[in-house]
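The structure under discussion appears below in the form of structure tokens.
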Amino acid sequence: MRVSVSWLREYVDLPADLPAGDLEQALVDLGIEVESVVDLAETVTGQLVVGEVREIEELTGFKKPIRFCRVDVGAANGTGEPQEIVCGARNFAPGDRVVVILPGGVLPGGFAIGARKTYGHNSAGMICSAKELGLGDDHSGIIVLGPDVTAKPGDDARPVVGLDDVVLDLEITPDRGYALSLRGLARELSHAFDVPLRDPALAPAPGGTETPAYPVDVRDTVGCDRFTARLVRGVDPTAPTPSWMQQRLVTAGIRSISLPVDITNYVMLELGQPMHAFDADRIAGPLVVRRADAGEKLTTLDGVNRVLTADDMVICDDSGPISLAAVMGGETSEVVAGTTTVLFEAAHWDPAMVGRTARRHKLFSEAAKRWERGVDPAVALVALERAVRLLTEHGGGTPGAEILDIDHVRPRTPISLPADLPTRRVGVEYPPARVVALLERVGCTVAQGADRLSEDPGAVGVASGVGTVLSVTPPTWRPDLTDPADLVEEVVRLDGYDRVPSVLPTAPPGRGLTPRQRRRRAVADSLAERGYVSVLAHPFVSPELADQLGLPADDPRRPAVRLANPLSEEEPLLRTTLLGPLLGTLKRNLGRGHRDLALYEIGAVFHPRVGAGSPPAMGVDRRPTDAEFAAADAVVPAQPVHVAVVLSGDLDPAGWWGAGRPAGWADAIEAARDVLAAAGIPDERVEVRAAEYAPWHPGRCAELRVDGSVVGHAGELHPVVVAALELPRRTCAMELNLDALPSTPVTSAPTVSGFPPALIDVALVVDESVPAEQVRRALEAGAGELLEDVRLFDVYSGAQLGAGRRSLAYKLTFRAPDRTLTVEEAVAARDTAVAVAAERLGATLRGA
């Protein structure tokens, strides 16, 4: 939010010589983030003066319209003669007063102004637009001063256009919607500097009359609990918006449109009450405030034809919806150039409804931004009176005596606050009188409530606050104050965060990281060292993902947790497997030109607890009991941590050394082995078996077992899945459940032998259905203690081996810890290993 300090001074008596740095620090101390503090007087240097256009010569023969102007700048140019300036804007005429920067001046952004010849004429200076002066984004035309401006040609233009002001650019947090107004900011600054506040919401305003200003039927008093309206007839449709109002709107980043519309925006900035102006002559029949019918259509002021849902609220006449309530008006009832009868509306809408509607239609208007953060329901009539007075003062017209006020606002519920709670929570002494004073400064009504039992038998109730309970009723403009914790925060905030000591917690004893954390980091380091790139995907998926992955109807990964407020209606479910979002990330990178990808993610998946019911309601006034914790935990979805990798393209890149090696199903299995090794699982406890498990290819899928329990799968994705997700052929993946792995065993240090190894290669012919892993285990079992390592280095199949047969070649490494092996010992160990493989798997030595 952008706001000028001069406007703020109308409501709060800030010190006259207040430095900008002190103002910024005061706002930061109050919890309001300051993006920037800009002294506009320093943004433009040199002579910036008021000029009056004397003559305009239209130049032809150029690609765009060009005008050669003679502008009276008084004595500012030293000669008193009209200044010759070439300008391309078309929104001014002879006699208009404009803003001129003379040669030697510098505009924001370091744009220096000089005298030069252009379009065949000499041009000395520039006639300025709001954007060129840094006052807004409007560059459609130059600034034309209104008739209410008394400045003469040659006068300094800075005070005229507001360049003698200081502008604050503030970032308002969602819980402080009241600060999105001059009224709210002035209140905050009055707290900071302990100066008087002139609350514009306290201005007198007439109440509703028995006869309504316009017939209105509010059918949903939850979505709209207050609706006020008033008519102004006989408005001059040509009346311009006064320059001071335009200036303030431009400074706030709002474009000037017309007098009635500008007034609604001005009142919104001033009081925080969004309003809407209807052309009453374009409304057909009574107004109805209701929920939209699914499929209804409305063309909003931005020209977009929107399809409504049953959750949207609309204002309708006999023709149908004419306004998307609290978000944006419709074209059929908007104020136009010939409007003479204006119906002002100021209502109070449900913040949750407005937030959902704004996100659904991607319409984040200034009004919606305020509504979803909370608006004061008590200020509607004041805003209505303010708008009517401004319109009749500057646009003529006669206000109607009838005022509509449909009020279903519920009074605020008092909050019970132990007077010593701020002291106990924060560790700073806040006497009860101080707590009461600070809450009353916020606007709360504080009364003495019932006493409670003292936690300190030696304490005196009122003096210490122990035993004293305050009944606090928050003001109407603070919908964020709903619990004792909120009130504690206000006490601490206004008393000063700087009074709260910074005390570091005592580090707990131990090694720091838990075994689970160490395992997770070891797995991440292992994959990163092997060239995999870590990603962090959103855990949200679409209902169609299960079908795209080819999951069977009874697959436990099909049931998913549905979010109550998803970021996107297209992805309302929480993932039950990492592969869906991870493959989406793979596809996105492929679409951006990457071809060789190896990605991994470590994160939680979510499995609903069927029949768990709803969690118990728990407040923030006390710590939940163990039973409440257990009841809530029974509803929370199971969230095991998985690790997954996806591979596409070449794993080893191509180059001058030769062709690359494409990633295959074996690489995905090897990634799983690497993860298990990094997790501290010994290789002898790991078993790899062929399996059929979606979304993997049934002939190229392996399940990984640890101590006989399945912990994950790896291999090549099914062609149907690859086609459904639009991924490259032969895309491979792996997913393991890290939480299913047993604890890391204590590993004994290996015995290192200083004697030379004996290396023997064996090639065994087996059926194609026999996994290479089983052959390896058979060789290990038969070779005995002398076997140090066994590694598969070649796989061959051909006609000479016979149909359905293949050759697996292994490199066996034998070594004794206490002697050099003889050839006879190594060969005997090899023969025993081959014999066991032949007995278990029917293996035969190739060539034998």
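Simple scheme: letters A, B, ... for chains in structure tokens order, numbers from 1 for residues in each chain, numbers from 1 for ligands in the order shown.
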Could you list, as a PyMOL selection string, every residue within 8 Å of range 219-236 of chain A, counting only C-alpha atoms and ignoring same-chain residues fewer than 3 positions away?
chain A and resi 213-214+239+280+288-291+313+339-350+353+377+380-381+384+388+391-392+395-400+402-409
Could you list, as JSON, numbers by chain, every residue within 12 Å of Gly715 in chain A, counting only C-alpha atoms and ignoring same-chain residues fewer than 4 positions away?
{"A": [644, 645, 646, 647, 663, 664, 665, 666, 667, 668, 669, 670, 671, 672, 688, 689, 690, 691, 692, 693, 694, 695, 696, 697, 698, 699, 700, 701, 702, 703, 704, 730, 731, 732, 733, 734, 735]}
Could the residues in this selection be written to a file with N, CA and C atoms, as a CSV table (one decimal), in the first residue's frame?
```
chain,number,residue,atom,x,y,z
A,644,ALA,N,12.6,-41.1,-4.1
A,644,ALA,CA,12.3,-41.6,-5.4
A,644,ALA,C,13.3,-40.9,-6.4
A,645,VAL,N,13.6,-41.6,-7.5
A,645,VAL,CA,14.5,-41.1,-8.5
A,645,VAL,C,13.8,-41.3,-9.9
A,646,VAL,N,14.0,-40.4,-10.8
A,646,VAL,CA,13.6,-40.6,-12.2
A,646,VAL,C,14.7,-40.4,-13.1
A,647,LEU,N,14.8,-41.1,-14.2
A,647,LEU,CA,15.9,-41.0,-15.2
A,647,LEU,C,15.4,-41.0,-16.6
A,663,ALA,N,20.2,-44.2,-20.0
A,663,ALA,CA,19.8,-44.7,-18.7
A,663,ALA,C,18.8,-45.8,-18.9
A,664,GLY,N,18.9,-46.9,-18.1
A,664,GLY,CA,18.0,-48.0,-18.2
A,664,GLY,C,17.5,-48.5,-16.9
A,665,TRP,N,16.7,-49.6,-16.9
A,665,TRP,CA,16.1,-50.1,-15.7
A,665,TRP,C,17.1,-50.5,-14.7
A,666,ALA,N,18.3,-51.0,-15.2
A,666,ALA,CA,19.3,-51.4,-14.2
A,666,ALA,C,19.9,-50.3,-13.4
A,667,ASP,N,19.9,-49.1,-14.0
A,667,ASP,CA,20.4,-47.9,-13.3
A,667,ASP,C,19.5,-47.5,-12.2
A,668,ALA,N,18.1,-47.6,-12.4
A,668,ALA,CA,17.2,-47.4,-11.4
A,668,ALA,C,17.3,-48.3,-10.2
A,669,ILE,N,17.6,-49.6,-10.5
A,669,ILE,CA,17.8,-50.6,-9.5
A,669,ILE,C,19.1,-50.3,-8.7
A,670,GLU,N,20.1,-49.9,-9.5
A,670,GLU,CA,21.4,-49.6,-8.8
A,670,GLU,C,21.2,-48.3,-7.9
A,671,ALA,N,20.4,-47.4,-8.3
A,671,ALA,CA,20.1,-46.2,-7.4
A,671,ALA,C,19.5,-46.7,-6.1
A,672,ALA,N,18.6,-47.7,-6.2
A,672,ALA,CA,17.9,-48.2,-5.0
A,672,ALA,C,19.0,-48.9,-4.1
A,688,VAL,N,16.9,-58.5,-4.4
A,688,VAL,CA,16.3,-58.0,-5.5
A,688,VAL,C,15.6,-59.1,-6.3
A,689,ARG,N,14.2,-58.9,-6.5
A,689,ARG,CA,13.5,-59.9,-7.2
A,689,ARG,C,12.7,-59.3,-8.3
A,690,ALA,N,12.4,-60.1,-9.3
A,690,ALA,CA,11.5,-59.6,-10.4
A,690,ALA,C,10.1,-59.5,-9.8
A,691,ALA,N,9.3,-58.4,-10.3
A,691,ALA,CA,8.0,-58.2,-9.8
A,691,ALA,C,7.2,-57.5,-10.9
A,692,GLU,N,5.9,-57.5,-10.6
A,692,GLU,CA,4.9,-56.7,-11.4
A,692,GLU,C,4.2,-55.7,-10.5
A,693,TYR,N,4.5,-54.4,-10.7
A,693,TYR,CA,3.9,-53.4,-9.8
A,693,TYR,C,3.8,-52.1,-10.6
A,694,ALA,N,2.6,-51.6,-10.7
A,694,ALA,CA,2.4,-50.3,-11.4
A,694,ALA,C,3.1,-49.2,-10.6
A,695,PRO,N,3.6,-48.2,-11.4
A,695,PRO,CA,3.5,-48.0,-12.8
A,695,PRO,C,4.7,-48.6,-13.6
A,696,TRP,N,5.4,-49.6,-13.2
A,696,TRP,CA,6.5,-50.1,-13.9
A,696,TRP,C,6.1,-51.1,-14.9
A,697,HIS,N,7.0,-51.3,-15.9
A,697,HIS,CA,6.9,-52.3,-16.9
A,697,HIS,C,7.0,-53.7,-16.3
A,698,PRO,N,6.0,-54.6,-16.5
A,698,PRO,CA,6.0,-55.9,-15.8
A,698,PRO,C,7.2,-56.7,-16.1
A,699,GLY,N,7.9,-56.6,-17.2
A,699,GLY,CA,9.1,-57.4,-17.5
A,699,GLY,C,10.4,-56.7,-17.1
A,700,ARG,N,10.3,-55.4,-16.6
A,700,ARG,CA,11.5,-54.7,-16.3
A,700,ARG,C,11.3,-54.0,-14.9
A,701,CYS,N,10.7,-54.7,-14.0
A,701,CYS,CA,10.4,-54.1,-12.7
A,701,CYS,C,11.0,-55.1,-11.6
A,702,ALA,N,11.7,-54.5,-10.6
A,702,ALA,CA,12.2,-55.2,-9.5
A,702,ALA,C,11.7,-54.7,-8.2
A,703,GLU,N,11.5,-55.6,-7.3
A,703,GLU,CA,11.1,-55.2,-6.0
A,703,GLU,C,12.3,-55.4,-5.1
A,704,LEU,N,12.5,-54.5,-4.1
A,704,LEU,CA,13.7,-54.6,-3.3
A,704,LEU,C,13.2,-55.0,-1.9
A,730,ARG,N,11.4,-45.4,-22.5
A,730,ARG,CA,12.4,-45.9,-21.6
A,730,ARG,C,12.7,-45.1,-20.4
A,731,THR,N,11.8,-44.2,-20.0
A,731,THR,CA,11.9,-43.5,-18.7
A,731,THR,C,11.9,-44.4,-17.6
A,732,CYS,N,12.9,-44.3,-16.7
A,732,CYS,CA,13.0,-45.2,-15.5
A,732,CYS,C,12.8,-44.5,-14.2
A,733,ALA,N,12.4,-45.3,-13.2
A,733,ALA,CA,12.2,-44.6,-11.9
A,733,ALA,C,12.4,-45.7,-10.8
A,734,MET,N,12.5,-45.1,-9.6
A,734,MET,CA,12.7,-45.9,-8.4
A,734,MET,C,12.0,-45.2,-7.2
A,735,GLU,N,11.4,-46.0,-6.3
A,735,GLU,CA,10.8,-45.4,-5.1
A,735,GLU,C,10.9,-46.4,-4.0
```
Can you pull out the residues contacting Ala837 in chain A? Cut-off 10 Å, using only C-alpha atoms, and skip same-chain residues under 6 positions away; I want them as a PyMOL selection string.
chain A and resi 764+766+774-782+831+843-845
For the residues in that selection, give me all heavy atoms as a short mmCIF file (atom, residue, chain, number, x, y, z; two decimals), in the first residue's frame.
```cif
data_model
loop_
_atom_site.label_atom_id
_atom_site.label_comp_id
_atom_site.auth_asym_id
_atom_site.auth_seq_id
_atom_site.Cartn_x
_atom_site.Cartn_y
_atom_site.Cartn_z
N LEU A 764 28.48 -68.32 -16.48
CA LEU A 764 27.49 -69.35 -16.22
C LEU A 764 26.29 -69.15 -17.13
O LEU A 764 25.81 -68.02 -17.31
CB LEU A 764 27.03 -69.29 -14.76
CG LEU A 764 28.13 -69.47 -13.71
CD1 LEU A 764 27.54 -69.33 -12.31
CD2 LEU A 764 28.81 -70.83 -13.85
N VAL A 766 22.41 -69.81 -17.73
CA VAL A 766 21.19 -70.08 -16.96
C VAL A 766 19.98 -69.71 -17.82
O VAL A 766 20.10 -69.08 -18.88
CB VAL A 766 21.16 -69.28 -15.64
CG1 VAL A 766 22.30 -69.69 -14.72
CG2 VAL A 766 21.24 -67.79 -15.93
N GLN A 774 20.21 -63.86 -7.91
CA GLN A 774 20.20 -65.19 -7.31
C GLN A 774 21.47 -65.96 -7.66
O GLN A 774 22.01 -66.72 -6.85
CB GLN A 774 18.96 -65.95 -7.77
CG GLN A 774 17.66 -65.39 -7.23
CD GLN A 774 16.46 -66.26 -7.58
OE1 GLN A 774 16.62 -67.43 -7.97
NE2 GLN A 774 15.26 -65.70 -7.45
N VAL A 775 21.96 -65.76 -8.87
CA VAL A 775 23.22 -66.40 -9.27
C VAL A 775 24.36 -65.88 -8.40
O VAL A 775 25.21 -66.65 -7.93
CB VAL A 775 23.49 -66.17 -10.76
CG1 VAL A 775 24.83 -66.78 -11.16
CG2 VAL A 775 22.37 -66.74 -11.61
N ARG A 776 24.36 -64.57 -8.17
CA ARG A 776 25.42 -63.98 -7.34
C ARG A 776 25.38 -64.54 -5.93
O ARG A 776 26.43 -64.88 -5.35
CB ARG A 776 25.26 -62.47 -7.29
CG ARG A 776 26.39 -61.75 -6.55
CD ARG A 776 26.13 -60.25 -6.48
NE ARG A 776 25.01 -59.96 -5.59
CZ ARG A 776 25.13 -59.83 -4.26
NH1 ARG A 776 26.31 -60.01 -3.68
NH2 ARG A 776 24.08 -59.57 -3.53
N ARG A 777 24.20 -64.67 -5.37
CA ARG A 777 24.10 -65.19 -4.01
C ARG A 777 24.53 -66.66 -3.94
O ARG A 777 25.13 -67.11 -2.95
CB ARG A 777 22.67 -65.03 -3.50
CG ARG A 777 22.28 -63.59 -3.21
CD ARG A 777 20.87 -63.50 -2.63
NE ARG A 777 20.53 -62.12 -2.32
CZ ARG A 777 20.83 -61.51 -1.17
NH1 ARG A 777 21.51 -62.17 -0.25
NH2 ARG A 777 20.48 -60.26 -0.96
N ALA A 778 24.21 -67.42 -4.99
CA ALA A 778 24.64 -68.83 -5.01
C ALA A 778 26.17 -68.93 -5.07
O ALA A 778 26.78 -69.78 -4.38
CB ALA A 778 24.01 -69.55 -6.20
N LEU A 779 26.81 -68.08 -5.86
CA LEU A 779 28.27 -68.08 -5.92
C LEU A 779 28.87 -67.70 -4.57
O LEU A 779 29.88 -68.30 -4.14
CB LEU A 779 28.75 -67.12 -7.01
CG LEU A 779 28.44 -67.52 -8.46
CD1 LEU A 779 28.80 -66.39 -9.42
CD2 LEU A 779 29.20 -68.80 -8.83
N GLU A 780 28.28 -66.73 -3.91
CA GLU A 780 28.78 -66.32 -2.59
C GLU A 780 28.67 -67.47 -1.59
O GLU A 780 29.59 -67.71 -0.78
CB GLU A 780 28.00 -65.11 -2.08
CG GLU A 780 28.34 -63.81 -2.76
CD GLU A 780 27.55 -62.64 -2.18
OE1 GLU A 780 26.53 -62.91 -1.51
OE2 GLU A 780 27.95 -61.49 -2.40
N ALA A 781 27.53 -68.16 -1.64
CA ALA A 781 27.32 -69.25 -0.68
C ALA A 781 28.32 -70.38 -0.91
O ALA A 781 28.79 -71.02 0.05
CB ALA A 781 25.89 -69.77 -0.79
N GLY A 782 28.65 -70.66 -2.17
CA GLY A 782 29.54 -71.77 -2.44
C GLY A 782 31.01 -71.44 -2.30
O GLY A 782 31.81 -72.31 -1.96
N ASP A 831 35.36 -73.77 -8.03
CA ASP A 831 34.58 -74.94 -8.42
C ASP A 831 33.43 -75.19 -7.45
O ASP A 831 32.33 -75.59 -7.86
CB ASP A 831 35.50 -76.17 -8.48
CG ASP A 831 36.50 -76.07 -9.63
OD1 ASP A 831 36.28 -75.22 -10.53
OD2 ASP A 831 37.50 -76.80 -9.60
N ALA A 843 22.73 -73.94 -13.26
CA ALA A 843 23.72 -73.21 -14.05
C ALA A 843 24.80 -74.16 -14.54
O ALA A 843 25.18 -75.13 -13.87
CB ALA A 843 24.35 -72.11 -13.20
N THR A 844 25.32 -73.84 -15.75
CA THR A 844 26.43 -74.61 -16.32
C THR A 844 27.50 -73.65 -16.76
O THR A 844 27.22 -72.51 -17.16
CB THR A 844 25.97 -75.45 -17.52
OG1 THR A 844 25.42 -74.58 -18.52
CG2 THR A 844 24.90 -76.45 -17.10
N LEU A 845 28.77 -74.13 -16.65
CA LEU A 845 29.86 -73.28 -17.12
C LEU A 845 29.79 -73.14 -18.63
O LEU A 845 29.58 -74.11 -19.36
CB LEU A 845 31.21 -73.91 -16.74
CG LEU A 845 31.78 -73.57 -15.37
CD1 LEU A 845 33.05 -74.37 -15.12
CD2 LEU A 845 32.06 -72.08 -15.26
#
```
To test your reading of the structure, identify every residue in range 7-114 of chain A that backbone DSSP assigns to strand (DSSP E), and report it as a PyMOL selection string.
chain A and resi 33-39+48-59+66-72+83-87+97-101+106-107+111-112
Residues of the last selection are to be written out with C-alpha atoms, as a PDB file, in the first residue's frame.
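For reference, selection01.pdb as written:
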```
ATOM      1  CA  GLU A  33       6.808  -3.912   6.958  1.00  0.00           C
ATOM      2  CA  VAL A  34       8.118  -0.842   5.134  1.00  0.00           C
ATOM      3  CA  GLU A  35       9.149  -1.458   1.537  1.00  0.00           C
ATOM      4  CA  SER A  36      10.400   2.095   0.998  1.00  0.00           C
ATOM      5  CA  VAL A  37      10.172   5.698   2.198  1.00  0.00           C
ATOM      6  CA  VAL A  38      10.497   8.088  -0.751  1.00  0.00           C
ATOM      7  CA  ASP A  39      10.943  11.852  -0.465  1.00  0.00           C
ATOM      8  CA  LEU A  48       9.849  21.815 -12.700  1.00  0.00           C
ATOM      9  CA  VAL A  49       7.294  24.547 -13.352  1.00  0.00           C
ATOM     10  CA  VAL A  50       3.679  25.173 -14.269  1.00  0.00           C
ATOM     11  CA  GLY A  51       3.208  26.047 -17.931  1.00  0.00           C
ATOM     12  CA  GLU A  52       0.243  27.300 -19.951  1.00  0.00           C
ATOM     13  CA  VAL A  53      -0.103  26.071 -23.526  1.00  0.00           C
ATOM     14  CA  ARG A  54      -0.364  29.051 -25.931  1.00  0.00           C
ATOM     15  CA  GLU A  55      -0.154  27.463 -29.387  1.00  0.00           C
ATOM     16  CA  ILE A  56      -0.175  23.954 -30.850  1.00  0.00           C
ATOM     17  CA  GLU A  57       1.031  23.156 -34.366  1.00  0.00           C
ATOM     18  CA  GLU A  58       0.188  19.685 -35.659  1.00  0.00           C
ATOM     19  CA  LEU A  59       3.178  18.133 -37.475  1.00  0.00           C
ATOM     20  CA  ILE A  66       3.545  14.952 -33.219  1.00  0.00           C
ATOM     21  CA  ARG A  67       2.725  18.429 -31.912  1.00  0.00           C
ATOM     22  CA  PHE A  68       4.929  21.505 -31.755  1.00  0.00           C
ATOM     23  CA  CYS A  69       3.875  23.565 -28.730  1.00  0.00           C
ATOM     24  CA  ARG A  70       4.612  27.033 -27.414  1.00  0.00           C
ATOM     25  CA  VAL A  71       4.205  27.038 -23.652  1.00  0.00           C
ATOM     26  CA  ASP A  72       4.220  30.057 -21.342  1.00  0.00           C
ATOM     27  CA  GLN A  83       9.085  27.789 -24.444  1.00  0.00           C
ATOM     28  CA  GLU A  84       9.172  25.685 -27.619  1.00  0.00           C
ATOM     29  CA  ILE A  85       8.527  22.013 -26.862  1.00  0.00           C
ATOM     30  CA  VAL A  86       7.791  19.019 -29.126  1.00  0.00           C
ATOM     31  CA  CYS A  87       5.249  16.641 -27.578  1.00  0.00           C
ATOM     32  CA  ARG A  97      -2.004  24.348 -17.794  1.00  0.00           C
ATOM     33  CA  VAL A  98       0.589  21.579 -17.753  1.00  0.00           C
ATOM     34  CA  VAL A  99       3.750  20.556 -15.907  1.00  0.00           C
ATOM     35  CA  VAL A 100       7.017  21.386 -17.679  1.00  0.00           C
ATOM     36  CA  ILE A 101      10.587  20.395 -16.831  1.00  0.00           C
ATOM     37  CA  VAL A 106      16.590  15.285 -14.297  1.00  0.00           C
ATOM     38  CA  LEU A 107      13.531  13.038 -14.060  1.00  0.00           C
ATOM     39  CA  PHE A 111      16.611  10.823 -17.368  1.00  0.00           C
ATOM     40  CA  ALA A 112      18.309  14.169 -18.115  1.00  0.00           C
TER      41      ALA A 112
END
```
Find the residues near Val12 in chain A: any atom within 12 Å, counting only C-alpha atoms, skip ones fewer than 2 places away on the same chain, and give them as JSON, numbers by chain.
{"A": [5, 6, 7, 8, 9, 10, 14, 15, 16, 182, 183, 184, 185, 186, 187, 188, 189, 190, 191, 192, 193, 194, 195, 196, 197, 198, 199, 200]}
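Residues in contact with Gly584 in chain A at 12 Å, where only C-alpha atoms are counted and same-chain residues fewer than 3 positions away are skipped, are listed as Val535, Leu536, Ala537, His538, Pro539, Phe540, Val541, Ser542, Leu545, Gln548, Leu549, Leu578, Leu579, Gly580, Pro581, Lys587, Arg588, Asn589, Leu590, Gly591, Leu599, Val646, Val722, Ala724, Leu725, Glu726 and Leu727 of chain A.
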From range 101-263 of chain A, collect each residue whose DSSP state is helix (DSSP H, G or I) and return the set as number ranges by chain.
A: 158-161, 177-179, 182-193, 200-202, 243-251, 259-263
In terms of the shortest atom-to-atom distance over only C-alpha atoms, which of A:Lys117, A:Arg478, A:Arg90, A:Arg248 is closest to Val166 in chain A?
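Between A:Lys117, A:Arg478, A:Arg90, A:Arg248, the residue approaching Val166 in chain A most closely is A:Arg248.
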Using only C-alpha atoms, the shortest atom-to-atom distance to Pro640 in chain A among A:Ala740, A:Met275, A:Val686, A:Ala485 belongs to A:Ala740
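In terms of minimum interatomic distance to Pro756 in chain A, A:Ala816 ranks closest within A:Ala632, A:Leu551, A:Ala816, A:Val710, counting only C-alpha atoms.
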Residue nearest Lys131 in chain A among A:Trp244, A:Val250, A:Phe92, A:Glu210 (counting only C-alpha atoms)
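Looking only at the distances to Lys131 in chain A, the closest residue turns out to be A:Val250.
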Give me the residues near range 355-368 of chain A as a PyMOL selection string, where near means some atom within 9 Å (using only C-alpha atoms) and where sequence neighbours in that chain fewer than 4 positions away do not count.
chain A and resi 265+268+273-275+306-309+311-313+324+326-328+350-351+372-373+565+567-569
May I have the residues within 12 Å of Asp789 in chain A as a list in words, using only C-alpha atoms and disregarding those fewer than 4 positions away in the same chain?
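Returned residues: Asp683, Pro757, Ala758, Leu759, Ile760, Asp761, Arg776, Arg777, Leu779, Glu780, Ala781, Ala783, Gly784, Glu785, Tyr810, Lys811, Leu812, Thr813, Phe814 and Arg815 of chain A.
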Which is closest to Gly104 in chain A among A:Gly603, A:Gly496, A:Gly46, A:Pro817, if we use only C-alpha atoms?
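Looking at the shortest contact to Gly104 in chain A, the residue is A:Gly46.
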d(CA of Leu390 in chain A, CA of Ser181 in chain A) in Å:
17.9 Å
